[in-house]
>>> print(open('upload.csv').read())   # CSV, C-alpha atoms
chain,number,residue,atom,x,y,z
A,1,GLU,CA,72.2,163.5,131.9
A,2,ASP,CA,72.7,162.6,135.5
A,3,VAL,CA,70.6,159.7,136.7
A,4,THR,CA,69.7,158.0,140.0
A,5,GLY,CA,68.9,154.4,141.0
A,6,PHE,CA,71.3,152.8,138.5
A,7,THR,CA,73.1,149.8,140.0
A,8,VAL,CA,75.0,146.7,138.8
A,9,ASP,CA,71.8,144.7,139.1
A,10,ASP,CA,70.4,146.7,136.2
A,11,ILE,CA,73.0,145.4,133.8
A,12,THR,CA,72.6,142.0,132.1
A,13,ILE,CA,75.8,140.1,131.0
A,14,THR,CA,76.3,137.0,128.9
A,15,GLY,CA,79.7,135.4,128.3
A,16,GLY,CA,81.3,136.8,131.4
A,17,SER,CA,80.9,137.6,135.1
A,18,LYS,CA,80.4,140.9,136.8
A,19,GLY,CA,83.2,142.5,138.8
A,20,THR,CA,83.7,145.9,140.3
A,21,PHE,CA,81.0,148.5,139.6
A,22,SER,CA,81.8,152.2,139.8
A,23,GLY,CA,79.7,155.3,139.9
A,24,THR,CA,77.7,157.3,142.4
A,25,ASP,CA,74.0,157.9,142.5
A,26,GLY,CA,73.4,161.1,140.5
A,27,ASP,CA,76.3,160.6,138.1
A,28,SER,CA,75.9,160.4,134.3
A,29,SER,CA,78.8,157.9,133.9
A,30,TYR,CA,79.2,154.4,135.5
A,31,SER,CA,81.6,151.5,134.8
A,32,LEU,CA,81.6,147.7,135.3
A,33,ILE,CA,84.5,145.3,135.0
A,34,VAL,CA,83.6,142.1,133.3
A,35,THR,CA,85.7,138.9,133.4
A,36,PRO,CA,85.2,136.7,130.3
A,37,ASP,CA,84.3,133.1,130.9
A,38,ALA,CA,87.4,131.0,131.6
A,39,ASN,CA,89.0,128.7,129.0
A,40,SER,CA,86.4,129.7,126.4
A,41,SER,CA,85.9,131.9,123.4
A,42,GLY,CA,82.8,133.8,122.2
A,43,THR,CA,81.2,137.2,122.7
A,44,ILE,CA,80.4,139.1,125.8
A,45,THR,CA,77.0,140.9,125.5
A,46,VAL,CA,76.0,143.8,127.8
A,47,ASP,CA,72.5,145.2,128.1
A,48,VAL,CA,70.8,147.9,130.1
A,49,PRO,CA,66.9,147.7,129.8
A,50,ALA,CA,64.5,150.6,129.8
A,51,ALA,CA,63.5,152.0,133.2
A,52,ALA,CA,66.8,151.1,134.9
A,53,ALA,CA,67.4,154.6,136.1
A,54,LEU,CA,65.6,158.0,136.5
A,55,ASP,CA,66.7,161.5,135.7
A,56,ALA,CA,66.1,164.5,138.1
A,57,ALA,CA,62.6,165.0,136.6
A,58,GLY,CA,61.7,161.4,137.2
A,59,ASN,CA,61.9,160.2,133.6
A,60,SER,CA,63.1,156.6,133.1
A,61,ASN,CA,65.9,155.8,130.6
A,62,THR,CA,65.4,154.2,127.3
A,63,ALA,CA,66.9,150.8,126.6
A,64,ALA,CA,70.6,150.9,125.6
A,65,THR,CA,71.8,149.4,122.3
A,66,GLN,CA,73.4,146.2,123.2
A,67,SER,CA,77.2,146.2,123.5
A,68,THR,CA,79.3,143.3,122.4
A,69,GLN,CA,83.0,142.3,122.8
A,70,ALA,CA,84.6,139.2,121.3
A,71,PHE,CA,86.8,137.3,123.7
A,72,ASP,CA,89.2,134.3,123.7
A,73,THR,CA,90.5,132.8,127.0
A,74,ALA,CA,90.9,129.3,125.7
A,75,SER,CA,94.3,127.7,126.0
A,76,PRO,CA,95.3,125.9,122.8
A,77,SER,CA,95.7,122.2,123.4
A,78,VAL,CA,98.4,120.1,121.6
A,79,VAL,CA,98.3,116.4,120.7
A,80,ILE,CA,101.6,114.5,120.0
A,81,SER,CA,101.6,111.6,117.6
A,82,ASP,CA,104.2,109.7,115.6
A,83,ASP,CA,104.5,107.7,112.3
A,84,THR,CA,105.8,104.4,113.8
A,85,SER,CA,103.9,101.4,115.0
A,86,GLY,CA,105.5,98.7,117.0
A,87,THR,CA,109.2,99.1,117.8
A,88,ALA,CA,111.2,101.8,116.0
A,89,THR,CA,114.6,100.8,114.6
A,90,GLY,CA,115.3,104.2,113.0
A,91,ASP,CA,114.2,107.8,112.8
A,92,VAL,CA,110.7,108.6,114.1
A,93,THR,CA,108.7,111.6,113.0
A,94,PHE,CA,106.6,113.2,115.8
A,95,THR,CA,103.7,115.5,114.9
A,96,PHE,CA,102.5,118.3,117.2
A,97,THR,CA,98.9,119.2,116.4
A,98,PHE,CA,97.5,122.3,118.1
A,99,SER,CA,93.8,123.0,118.4
A,100,GLU,CA,94.4,126.3,116.7
A,101,ALA,CA,97.1,128.3,115.0
A,102,VAL,CA,100.0,129.2,117.4
A,103,PHE,CA,103.1,131.3,117.4
A,104,SER,CA,106.6,131.1,118.9
A,105,PHE,CA,106.7,127.3,119.0
A,106,SER,CA,110.1,125.8,118.2
A,107,ALA,CA,112.2,122.6,118.6
A,108,ASP,CA,113.6,124.2,121.8
A,109,ASP,CA,110.1,123.9,123.4
A,110,ILE,CA,110.2,120.1,123.0
A,111,THR,CA,111.8,117.8,125.5
A,112,ILE,CA,113.1,114.4,124.3
A,113,THR,CA,114.6,111.4,126.2
A,114,GLY,CA,115.9,108.3,124.5
A,115,GLY,CA,116.8,110.1,121.3
A,116,SER,CA,118.2,113.2,119.6
A,117,LYS,CA,116.4,116.0,117.8
A,118,GLY,CA,116.6,116.3,114.0
A,119,THR,CA,114.8,118.4,111.5
A,120,PHE,CA,111.9,120.6,112.8
A,121,SER,CA,109.2,121.6,110.4
A,122,GLY,CA,106.4,124.2,110.7
A,123,THR,CA,106.0,128.0,110.3
A,124,ASP,CA,105.0,130.5,112.9
A,125,GLY,CA,101.2,130.7,112.8
A,126,ASP,CA,100.7,127.0,111.8
A,127,SER,CA,98.6,124.6,113.9
A,128,SER,CA,100.7,121.6,113.0
A,129,TYR,CA,104.5,121.0,113.4
A,130,SER,CA,106.8,118.0,113.2
A,131,LEU,CA,110.2,116.9,114.6
A,132,ILE,CA,112.4,114.0,113.4
A,133,VAL,CA,113.9,112.1,116.4
A,134,THR,CA,116.8,109.6,116.0
A,135,PRO,CA,116.7,106.9,118.7
A,136,ASP,CA,119.9,106.4,120.8
A,137,ALA,CA,122.4,104.2,118.9
A,138,ASN,CA,122.9,100.6,119.8
A,139,SER,CA,120.4,100.7,122.5
A,140,SER,CA,116.8,99.8,123.4
A,141,GLY,CA,114.2,101.6,125.4
A,142,THR,CA,111.5,104.2,125.0
A,143,ILE,CA,111.6,107.7,123.4
A,144,THR,CA,109.5,110.2,125.5
A,145,VAL,CA,108.3,113.5,124.0
A,146,ASP,CA,106.9,116.4,126.1
A,147,VAL,CA,105.6,119.8,125.3
A,148,PRO,CA,105.1,121.9,128.5
A,149,ALA,CA,102.5,124.6,129.2
A,150,ALA,CA,103.2,128.0,127.8
A,151,ALA,CA,105.4,126.8,124.9
A,152,ALA,CA,103.3,128.7,122.4
A,153,LEU,CA,100.7,131.4,122.1
A,154,ASP,CA,97.5,131.7,120.1
A,155,ALA,CA,96.5,134.9,118.2
A,156,ALA,CA,94.8,136.2,121.3
A,157,GLY,CA,97.9,135.7,123.5
A,158,ASN,CA,96.7,132.6,125.3
A,159,SER,CA,99.4,130.1,126.2
A,160,ASN,CA,99.0,126.4,125.4
A,161,ALA,CA,98.2,123.7,128.0
A,162,ALA,CA,100.8,121.0,128.5
A,163,ALA,CA,100.6,118.0,126.2
A,164,THR,CA,100.1,114.4,127.3
A,165,GLN,CA,103.5,112.8,127.0
A,166,ALA,CA,104.1,110.7,123.9
A,167,THR,CA,106.1,107.5,124.0
A,168,GLN,CA,107.6,105.2,121.4
A,169,ALA,CA,109.5,102.0,122.0
A,170,PHE,CA,112.8,101.6,120.1
A,171,ASP,CA,115.5,99.0,119.6
A,172,THR,CA,118.6,99.9,117.7
A,173,GLU,CA,120.8,97.3,119.4
A,174,SER,CA,122.6,94.7,117.1
A,175,PRO,CA,122.4,91.2,118.5
A,176,THR,CA,125.8,89.7,119.4
A,177,VAL,CA,126.7,86.1,118.9
A,178,VAL,CA,129.3,83.9,120.7
A,179,ILE,CA,130.6,80.7,119.2
A,180,SER,CA,131.7,77.9,121.5
A,181,ASP,CA,132.3,74.1,121.1
A,182,ASP,CA,132.1,70.9,123.1
A,183,THR,CA,135.7,69.8,122.7
A,184,SER,CA,138.8,70.5,124.8
A,185,GLY,CA,142.3,69.8,123.6
A,186,THR,CA,142.6,68.4,120.1
A,187,ALA,CA,139.5,67.0,118.3
A,188,THR,CA,139.7,63.5,116.8
A,189,GLY,CA,136.2,63.4,115.6
A,190,ASP,CA,133.0,65.5,115.2
A,191,VAL,CA,132.8,68.8,117.1
A,192,SER,CA,129.5,70.4,118.0
A,193,PHE,CA,129.7,74.2,117.7
A,194,SER,CA,127.1,76.4,119.6
A,195,PHE,CA,126.0,79.8,118.4
A,196,ASN,CA,124.6,81.8,121.3
A,197,PHE,CA,122.9,85.1,120.4
A,198,SER,CA,122.2,87.8,122.9
A,199,GLU,CA,118.5,87.6,122.0
A,200,ALA,CA,116.1,85.7,119.8
A,201,VAL,CA,116.9,86.0,116.1
A,202,PHE,CA,115.4,85.1,112.8
A,203,GLY,CA,116.7,84.0,109.5
A,204,PHE,CA,119.8,82.2,110.8
A,205,SER,CA,120.8,79.0,109.1
A,206,ALA,CA,123.8,76.7,108.4
A,207,ASP,CA,124.4,78.7,105.2
A,208,ASP,CA,125.3,81.7,107.3
A,209,ILE,CA,128.2,79.8,108.9
A,210,THR,CA,131.6,79.7,107.2
A,211,LEU,CA,134.0,76.8,107.9
A,212,SER,CA,137.6,75.9,107.1
A,213,SER,CA,139.2,72.4,107.7
A,214,GLY,CA,135.9,70.7,108.2
A,215,SER,CA,132.5,69.9,106.7
A,216,LYS,CA,129.0,70.9,108.0
A,217,GLY,CA,126.8,68.3,109.5
A,218,THR,CA,123.5,68.5,111.4
A,219,PHE,CA,122.3,72.0,112.1
A,220,SER,CA,119.9,72.5,115.1
A,221,GLY,CA,117.7,75.4,116.2
A,222,SER,CA,114.4,77.0,115.1
A,223,ASP,CA,113.6,80.4,113.8
A,224,GLY,CA,113.2,82.7,116.8
A,225,ASP,CA,115.6,80.9,119.0
A,226,SER,CA,118.7,82.5,120.6
A,227,SER,CA,120.8,79.4,120.5
A,228,TYR,CA,121.8,77.2,117.6
A,229,SER,CA,124.3,74.3,117.0
A,230,LEU,CA,126.2,72.8,114.1
A,231,ILE,CA,128.1,69.5,114.0
A,232,VAL,CA,131.4,69.8,112.1
A,233,THR,CA,133.4,66.8,110.9
A,234,PRO,CA,137.2,67.6,110.7
A,235,ASP,CA,138.9,67.0,107.4
A,236,ALA,CA,139.8,63.2,107.2
A,237,ASN,CA,143.4,62.0,107.6
A,238,SER,CA,144.6,65.5,108.5
A,239,SER,CA,145.6,67.8,111.3
A,240,GLY,CA,145.2,71.5,111.7
A,241,THR,CA,142.6,74.0,112.9
A,242,ILE,CA,138.9,74.2,112.3
A,243,THR,CA,137.8,77.9,112.0
A,244,VAL,CA,134.2,78.9,112.3
A,245,ASP,CA,132.8,82.4,111.4
A,246,VAL,CA,129.4,84.1,111.5
A,247,PRO,CA,129.5,87.4,109.6
A,248,ALA,CA,127.5,90.5,110.3
A,249,ALA,CA,123.9,90.6,109.1
A,250,ALA,CA,123.5,86.8,109.2
A,251,ALA,CA,120.3,87.1,111.4
A,252,LEU,CA,117.8,89.7,112.5
A,253,ASP,CA,116.2,90.3,115.9
A,254,ALA,CA,112.5,90.9,116.4
A,255,ALA,CA,112.9,94.6,115.7
A,256,GLY,CA,114.8,94.0,112.5
A,257,ASN,CA,118.3,94.8,113.7
A,258,SER,CA,121.0,92.6,112.1
A,259,ASN,CA,123.7,90.9,114.2
A,260,ALA,CA,127.2,92.0,114.7
A,261,ALA,CA,129.9,89.7,113.4
A,262,ALA,CA,131.1,87.0,115.8
A,263,THR,CA,134.6,86.6,117.0
A,264,GLN,CA,136.0,83.7,115.1
A,265,ALA,CA,136.1,80.3,116.9
>>> encode(input="upload.csv", output="structure tokens")
Amino acid sequence: EDVTGFTVDDITITGGSKGTFSGTDGDSSYSLIVTPDANSSGTITVDVPAAAALDAAGNSNTAATQSTQAFDTASPSVVISDDTSGTATGDVTFTFTFSEAVFSFSADDITITGGSKGTFSGTDGDSSYSLIVTPDANSSGTITVDVPAAAALDAAGNSNAAATQATQAFDTESPTVVISDDTSGTATGDVSFSFNFSEAVFGFSADDITLSSGSKGTFSGSDGDSSYSLIVTPDANSSGTITVDVPAAAALDAAGNSNAAATQA
């Protein structure tokens, strides 16, 4: 029936905040807009206690049965991780872990620098997805991976918050090596050949050097150096040309990339 004295102050709310209240004193129907708590999920509860309003005869109302409404205003978060420690020399698998199941997330929602996108895995409605990234060839630097806000939606229709950018150092660049010597004109005795790599290398030794028309002598340089030397004694009582070669994959850089073959000296 019609009541008087009913106002927004007579309504108790949890899980939200009161907005516009509608209805005129003497009506039998009133309304209240409730805004759910931001970036949260739970249940709105609405109560009207006894004696909140009076009818025309002066009788006070009985307490209402509590009303409840589930809500979800929380934006899904996403964390990006990868399967590679240290410096990558090949493909890297990045994993995108959302705080809840999401929909409409695809490889197109991921921004990559320093590499190219490969296989994307995950099904609509999953909370975890993955993407294989191939670092730029014959290069070094950092892969960056970003997922912007609103790339995916949860079951309630909330869009995700932007992810913290993920980074992964990579090095796919093969060390180069230049061979030079200390002798101009025609050699009449020992010749010292230098092997200058573009960066520090490991595993390089005299056994990796191929000679013709001479014999190997003292080899100098320590594992992890970028410059090495070898003394070569020309063949005795002879004339011709000493040739010196270093093949590909004779040494490795710190990231594990093997060298490119040297131009013959």
>>> residues_around(input="upload.csv", residues="Asp181 of chain A", least_positions_apart="4", cutoff="12 Å", atoms="only C-alpha atoms", output="list of chain:residue names")
A:Gly185, A:Thr186, A:Ala187, A:Asp190, A:Val191, A:Ser192, A:Phe193, A:Ser194, A:Phe195, A:Asn196, A:Tyr228, A:Ser229, A:Leu230, A:Ile231, A:Val232, A:Ile242, A:Thr243, A:Val244, A:Gln264, A:Ala265
>>> closest_residue(input="upload.csv", among="A:Val201, A:Ile112, A:Ala206, A:Ala150", to="Gln165 of chain A", atoms="all atoms listed in the file")
A:Ile112
>>> atom_distance(input="upload.csv", atom1="atom CA of Asp2 of chain A", atom2="atom CA of Val46 of chain A")
20.6 Å
>>> closest_residue(input="upload.csv", among="A:Thr188, A:Ala70, A:Ile33, A:Ser212", to="Asn237 of chain A", atoms="all atoms listed in the file")
A:Thr188
>>> atom_distance(input="upload.csv", atom1="atom CA of Thr93 of chain A", atom2="atom CA of Ala162 of chain A")
19.8 Å
>>> residues_around(input="upload.csv", residues="segment 76-80 of chain A", least_positions_apart="4", cutoff="7 Å", atoms="all atoms listed in the file", output="mmCIF file with C-alpha atoms, keeping the file's coordinate frame")
data_model
loop_
_atom_site.group_PDB
_atom_site.id
_atom_site.type_symbol
_atom_site.label_atom_id
_atom_site.label_comp_id
_atom_site.auth_asym_id
_atom_site.auth_seq_id
_atom_site.Cartn_x
_atom_site.Cartn_y
_atom_site.Cartn_z
ATOM 1 C CA PHE A 94 106.600 113.200 115.800
ATOM 2 C CA THR A 95 103.700 115.500 114.900
ATOM 3 C CA PHE A 96 102.500 118.300 117.200
ATOM 4 C CA THR A 97 98.900 119.200 116.400
ATOM 5 C CA PHE A 98 97.500 122.300 118.100
ATOM 6 C CA SER A 99 93.800 123.000 118.400
ATOM 7 C CA GLU A 100 94.400 126.300 116.700
ATOM 8 C CA ASP A 154 97.500 131.700 120.100
ATOM 9 C CA SER A 159 99.400 130.100 126.200
ATOM 10 C CA ASN A 160 99.000 126.400 125.400
ATOM 11 C CA ALA A 161 98.200 123.700 128.000
ATOM 12 C CA ALA A 163 100.600 118.000 126.200
ATOM 13 C CA ALA A 166 104.100 110.700 123.900
#
>>> atom_distance(input="upload.csv", atom1="atom CA of Val92 of chain A", atom2="atom CA of Asp225 of chain A")
28.6 Å
>>> residues_around(input="upload.csv", residues="Thr7 of chain A", least_positions_apart="4", cutoff="9 Å", atoms="only C-alpha atoms", output="list in words")
Ile11, Phe21, Gly23, Asp25, Tyr30, Ala52 and Ala53 of chain A
>>> closest_residue(input="upload.csv", among="A:Val48, A:Thr142, A:Asp10, A:Leu211", to="Thr241 of chain A", atoms="only C-alpha atoms")
A:Leu211
>>> closest_residue(input="upload.csv", among="A:Ser116, A:Thr84, A:Thr12, A:Thr172", to="Pro49 of chain A", atoms="all atoms listed in the file")
A:Thr12
>>> residues_around(input="upload.csv", residues="Asp223 of chain A", least_positions_apart="5", cutoff="10 Å", atoms="only C-alpha atoms", output="list of chain:residue names")
A:Ala200, A:Val201, A:Phe202, A:Gly203, A:Phe204, A:Ser205, A:Tyr228, A:Ala251
>>> residues_around(input="upload.csv", residues="Ala51 of chain A", least_positions_apart="4", cutoff="7 Å", atoms="only C-alpha atoms", output="MDAnalysis selection string")
chainID A and resid 60:62
>>> closest_residue(input="upload.csv", among="A:Ala260, A:Ile13, A:Ala56, A:Thr119", to="Thr68 of chain A", atoms="all atoms listed in the file")
A:Ile13
>>> closest_residue(input="upload.csv", among="A:Gly214, A:Gly5, A:Pro247, A:Gly86", to="Val177 of chain A", atoms="all atoms listed in the file")
A:Pro247
>>> decode(input="upload.csv", residues="segment 224-262 of chain A", atoms="N, CA and C atoms", output="compact mmCIF listing (two decimals), in the first residue's frame")
# COMPACT_ATOMS: atom_id res chain seq x y z
N GLY A 224 88.14 -16.92 -23.53
CA GLY A 224 87.43 -15.71 -23.16
C GLY A 224 88.05 -14.45 -23.72
N ASP A 225 89.19 -14.58 -24.42
CA ASP A 225 89.79 -13.43 -25.10
C ASP A 225 89.10 -13.18 -26.44
N SER A 226 89.36 -12.02 -27.01
CA SER A 226 88.86 -11.73 -28.36
C SER A 226 89.99 -11.73 -29.38
N SER A 227 91.24 -11.85 -28.93
CA SER A 227 92.39 -11.84 -29.83
C SER A 227 93.35 -12.98 -29.47
N TYR A 228 93.78 -13.71 -30.50
CA TYR A 228 94.70 -14.83 -30.33
C TYR A 228 95.81 -14.71 -31.38
N SER A 229 96.91 -15.44 -31.20
CA SER A 229 97.99 -15.42 -32.20
C SER A 229 98.61 -16.80 -32.34
N LEU A 230 99.21 -17.01 -33.51
CA LEU A 230 99.88 -18.27 -33.80
C LEU A 230 101.13 -17.97 -34.63
N ILE A 231 102.27 -18.49 -34.18
CA ILE A 231 103.50 -18.36 -34.95
C ILE A 231 103.57 -19.52 -35.95
N VAL A 232 103.82 -19.18 -37.23
CA VAL A 232 103.89 -20.18 -38.30
C VAL A 232 105.28 -20.13 -38.93
N THR A 233 105.89 -21.31 -39.04
CA THR A 233 107.20 -21.43 -39.69
C THR A 233 106.98 -21.92 -41.12
N PRO A 234 107.40 -21.11 -42.12
CA PRO A 234 107.22 -21.54 -43.52
C PRO A 234 107.97 -22.85 -43.79
N ASP A 235 107.50 -23.59 -44.77
CA ASP A 235 108.20 -24.82 -45.16
C ASP A 235 109.66 -24.49 -45.53
N ALA A 236 110.60 -25.35 -45.10
CA ALA A 236 112.03 -25.10 -45.29
C ALA A 236 112.43 -25.26 -46.76
N ASN A 237 113.43 -24.46 -47.15
CA ASN A 237 114.04 -24.58 -48.48
C ASN A 237 112.97 -24.61 -49.58
N SER A 238 112.05 -23.63 -49.49
CA SER A 238 110.89 -23.65 -50.39
C SER A 238 110.42 -22.23 -50.62
N SER A 239 109.55 -22.06 -51.57
CA SER A 239 108.87 -20.77 -51.76
C SER A 239 107.42 -21.05 -52.15
N GLY A 240 106.56 -20.12 -51.84
CA GLY A 240 105.13 -20.30 -52.14
C GLY A 240 104.29 -19.39 -51.29
N THR A 241 103.15 -19.88 -50.87
CA THR A 241 102.20 -19.07 -50.09
C THR A 241 101.69 -19.86 -48.90
N ILE A 242 101.82 -19.27 -47.74
CA ILE A 242 101.16 -19.83 -46.54
C ILE A 242 99.69 -19.45 -46.60
N THR A 243 98.81 -20.40 -46.41
CA THR A 243 97.37 -20.07 -46.27
C THR A 243 96.93 -20.43 -44.86
N VAL A 244 96.06 -19.59 -44.31
CA VAL A 244 95.57 -19.77 -42.94
C VAL A 244 94.05 -19.64 -42.96
N ASP A 245 93.37 -20.64 -42.41
CA ASP A 245 91.90 -20.64 -42.37
C ASP A 245 91.38 -20.93 -40.98
N VAL A 246 90.27 -20.27 -40.65
CA VAL A 246 89.49 -20.62 -39.45
C VAL A 246 88.07 -20.91 -39.92
N PRO A 247 87.59 -22.14 -39.75
CA PRO A 247 86.25 -22.49 -40.23
C PRO A 247 85.15 -21.93 -39.33
N ALA A 248 83.93 -22.01 -39.79
CA ALA A 248 82.78 -21.68 -38.94
C ALA A 248 82.72 -22.65 -37.77
N ALA A 249 82.14 -22.20 -36.67
CA ALA A 249 81.92 -23.02 -35.48
C ALA A 249 83.22 -23.47 -34.81
N ALA A 250 84.29 -22.68 -34.97
CA ALA A 250 85.53 -22.98 -34.27
C ALA A 250 85.50 -22.49 -32.83
N ALA A 251 84.65 -21.49 -32.55
CA ALA A 251 84.58 -20.89 -31.21
C ALA A 251 83.15 -20.44 -30.93
N LEU A 252 82.88 -20.19 -29.66
CA LEU A 252 81.56 -19.75 -29.22
C LEU A 252 81.69 -18.45 -28.45
N ASP A 253 80.68 -17.56 -28.61
CA ASP A 253 80.66 -16.38 -27.76
C ASP A 253 79.99 -16.73 -26.43
N ALA A 254 79.85 -15.74 -25.55
CA ALA A 254 79.31 -15.99 -24.22
C ALA A 254 77.87 -16.49 -24.26
N ALA A 255 77.14 -16.13 -25.32
CA ALA A 255 75.75 -16.55 -25.44
C ALA A 255 75.61 -17.92 -26.08
N GLY A 256 76.73 -18.45 -26.62
CA GLY A 256 76.68 -19.76 -27.26
C GLY A 256 76.59 -19.73 -28.76
N ASN A 257 76.71 -18.53 -29.36
CA ASN A 257 76.70 -18.44 -30.83
C ASN A 257 78.07 -18.81 -31.38
N SER A 258 78.09 -19.61 -32.45
CA SER A 258 79.36 -20.01 -33.06
C SER A 258 79.79 -18.99 -34.11
N ASN A 259 81.11 -18.88 -34.29
CA ASN A 259 81.66 -17.88 -35.21
C ASN A 259 81.35 -18.20 -36.66
N ALA A 260 81.37 -17.16 -37.49
CA ALA A 260 81.34 -17.32 -38.92
C ALA A 260 82.75 -17.62 -39.41
N ALA A 261 82.87 -18.30 -40.55
CA ALA A 261 84.19 -18.63 -41.09
C ALA A 261 84.95 -17.34 -41.45
N ALA A 262 86.26 -17.38 -41.24
CA ALA A 262 87.11 -16.24 -41.56
C ALA A 262 87.44 -16.22 -43.04
